[in-house]
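To start, the structure itself, in structure tokens.
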Amino acid sequence: MIKVTRLNGKAFVLNAVFIEVIESFPDTTITLTNGRKYVVKESEEAVVKLVKDFYQSVSLLGHQHVGEDEDEE
């Protein structure tokens, strides 16, 4: 679950597993697998980081080791 903020300032928690698309129009719009859309204050990059952190916390993504860059092979 990730915590995001509606444009009116109200925070809510969204199940990141069901996120299909994150876009900026320029407002950040999150589309779920069921077609439902949410417009949030957070930037596209911030939402991607929240999702990545969530996936790592539930072991759906590997953990990056300290001192290891993402671009290294």
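Residues in the structure tokens are numbered from 1 in each chain, the chains being A, B, ... in the order shown, and ligands are numbered from 1 in the order shown.
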Query - Polymer residues at most 8 Å from segment 22-27 of chain A, only C-alpha atoms, same-chain spacing of 4 or more positions, as a PyMOL selection string - result: chain A and resi 31+39-41+43-44+47-48
Report task. Could you tell me which of A:Gly9, A:Gly35, A:Ile19, A:Thr28 comes closest to Lys52 of chain A if we count only C-alpha atoms? Result ->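 Checking each of A:Gly9, A:Gly35, A:Ile19, A:Thr28 against Lys52 of chain A, counting only C-alpha atoms, the winner is A:Ile19.
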Report task. Identify, with DSSP run on backbone atoms, the residues in chain A assigned to strand (DSSP E or B), and express the list as a PyMOL selection string. Result -> chain A and resi 2-6+11-14+19-24+28-32+37-40
Query - All residues 12 Å or closer to Phe12 of chain A, only C-alpha atoms, same chain fewer than 6 positions away omitted, as a list in words - result: Met1, Ile2, Lys3, Val4, Thr5, Arg6, Tyr38, Val39, Val40 and Lys41 of chain A
Please, could you write that set of residues out with all heavy atoms as a JSON list (two decimals), in the first residue's frame?
```json
[["chain", "number", "residue", "atom", "x", "y", "z"],
["A", 1, "MET", "N", 0.85, -1.17, 0.00],
["A", 1, "MET", "CA", 0.00, 0.00, 0.00],
["A", 1, "MET", "C", 0.89, 1.24, 0.00],
["A", 1, "MET", "O", 1.92, 1.25, 0.65],
["A", 1, "MET", "CB", -0.88, 0.00, 1.24],
["A", 1, "MET", "CG", -1.74, -1.25, 1.43],
["A", 1, "MET", "SD", -3.02, -1.43, 0.23],
["A", 1, "MET", "CE", -4.32, -0.51, 0.98],
["A", 2, "ILE", "N", 0.46, 2.24, -0.76],
["A", 2, "ILE", "CA", 1.20, 3.50, -0.79],
["A", 2, "ILE", "C", 0.26, 4.63, -0.40],
["A", 2, "ILE", "O", -0.94, 4.59, -0.68],
["A", 2, "ILE", "CB", 1.83, 3.78, -2.17],
["A", 2, "ILE", "CG1", 0.76, 3.90, -3.26],
["A", 2, "ILE", "CG2", 2.87, 2.72, -2.51],
["A", 2, "ILE", "CD1", 1.29, 4.42, -4.59],
["A", 3, "LYS", "N", 0.80, 5.64, 0.27],
["A", 3, "LYS", "CA", 0.00, 6.79, 0.68],
["A", 3, "LYS", "C", 0.25, 7.92, -0.30],
["A", 3, "LYS", "O", 1.40, 8.32, -0.54],
["A", 3, "LYS", "CB", 0.38, 7.22, 2.09],
["A", 3, "LYS", "CG", -0.52, 8.29, 2.65],
["A", 3, "LYS", "CD", -0.19, 8.56, 4.10],
["A", 3, "LYS", "CE", -1.19, 9.51, 4.71],
["A", 3, "LYS", "NZ", -0.94, 9.71, 6.13],
["A", 4, "VAL", "N", -0.82, 8.42, -0.92],
["A", 4, "VAL", "CA", -0.75, 9.52, -1.87],
["A", 4, "VAL", "C", -1.78, 10.57, -1.49],
["A", 4, "VAL", "O", -2.61, 10.35, -0.61],
["A", 4, "VAL", "CB", -0.97, 9.03, -3.33],
["A", 4, "VAL", "CG1", 0.21, 8.19, -3.81],
["A", 4, "VAL", "CG2", -2.24, 8.23, -3.46],
["A", 5, "THR", "N", -1.75, 11.72, -2.17],
["A", 5, "THR", "CA", -2.60, 12.84, -1.81],
["A", 5, "THR", "C", -3.42, 13.32, -3.00],
["A", 5, "THR", "O", -2.87, 13.56, -4.08],
["A", 5, "THR", "CB", -1.73, 14.02, -1.31],
["A", 5, "THR", "OG1", -0.79, 13.54, -0.35],
["A", 5, "THR", "CG2", -2.59, 15.11, -0.70],
["A", 6, "ARG", "N", -4.73, 13.44, -2.81],
["A", 6, "ARG", "CA", -5.59, 14.00, -3.85],
["A", 6, "ARG", "C", -5.26, 15.48, -4.03],
["A", 6, "ARG", "O", -4.62, 16.09, -3.19],
["A", 6, "ARG", "CB", -7.06, 13.86, -3.45],
["A", 6, "ARG", "CG", -7.53, 12.42, -3.36],
["A", 6, "ARG", "CD", -9.02, 12.40, -3.01],
["A", 6, "ARG", "NE", -9.45, 11.07, -2.62],
["A", 6, "ARG", "CZ", -9.84, 10.12, -3.48],
["A", 6, "ARG", "NH1", -9.86, 10.38, -4.76],
["A", 6, "ARG", "NH2", -10.22, 8.94, -3.04],
["A", 38, "TYR", "N", -6.97, 7.86, -10.57],
["A", 38, "TYR", "CA", -6.80, 8.77, -9.44],
["A", 38, "TYR", "C", -5.80, 9.85, -9.85],
["A", 38, "TYR", "O", -4.73, 9.54, -10.38],
["A", 38, "TYR", "CB", -6.25, 8.04, -8.21],
["A", 38, "TYR", "CG", -7.21, 7.00, -7.67],
["A", 38, "TYR", "CD1", -7.15, 5.68, -8.08],
["A", 38, "TYR", "CD2", -8.17, 7.36, -6.73],
["A", 38, "TYR", "CE1", -8.04, 4.74, -7.59],
["A", 38, "TYR", "CE2", -9.05, 6.42, -6.22],
["A", 38, "TYR", "CZ", -8.98, 5.11, -6.66],
["A", 38, "TYR", "OH", -9.85, 4.19, -6.16],
["A", 39, "VAL", "N", -6.14, 11.11, -9.60],
["A", 39, "VAL", "CA", -5.23, 12.22, -9.85],
["A", 39, "VAL", "C", -4.66, 12.62, -8.50],
["A", 39, "VAL", "O", -5.40, 12.86, -7.54],
["A", 39, "VAL", "CB", -5.97, 13.41, -10.51],
["A", 39, "VAL", "CG1", -5.00, 14.55, -10.77],
["A", 39, "VAL", "CG2", -6.62, 12.96, -11.82],
["A", 40, "VAL", "N", -3.32, 12.68, -8.42],
["A", 40, "VAL", "CA", -2.65, 12.93, -7.14],
["A", 40, "VAL", "C", -1.66, 14.08, -7.25],
["A", 40, "VAL", "O", -1.22, 14.45, -8.34],
["A", 40, "VAL", "CB", -1.94, 11.66, -6.63],
["A", 40, "VAL", "CG1", -2.94, 10.53, -6.39],
["A", 40, "VAL", "CG2", -0.85, 11.21, -7.59],
["A", 41, "LYS", "N", -1.31, 14.65, -6.08],
["A", 41, "LYS", "CA", -0.37, 15.77, -6.02],
["A", 41, "LYS", "C", 1.07, 15.33, -6.27],
["A", 41, "LYS", "O", 1.87, 16.11, -6.77],
["A", 41, "LYS", "CB", -0.43, 16.44, -4.64],
["A", 41, "LYS", "CG", -1.59, 17.34, -4.45],
["A", 41, "LYS", "CD", -1.46, 18.07, -3.11],
["A", 41, "LYS", "CE", -2.53, 19.12, -2.95],
["A", 41, "LYS", "NZ", -2.37, 19.86, -1.70]]
```
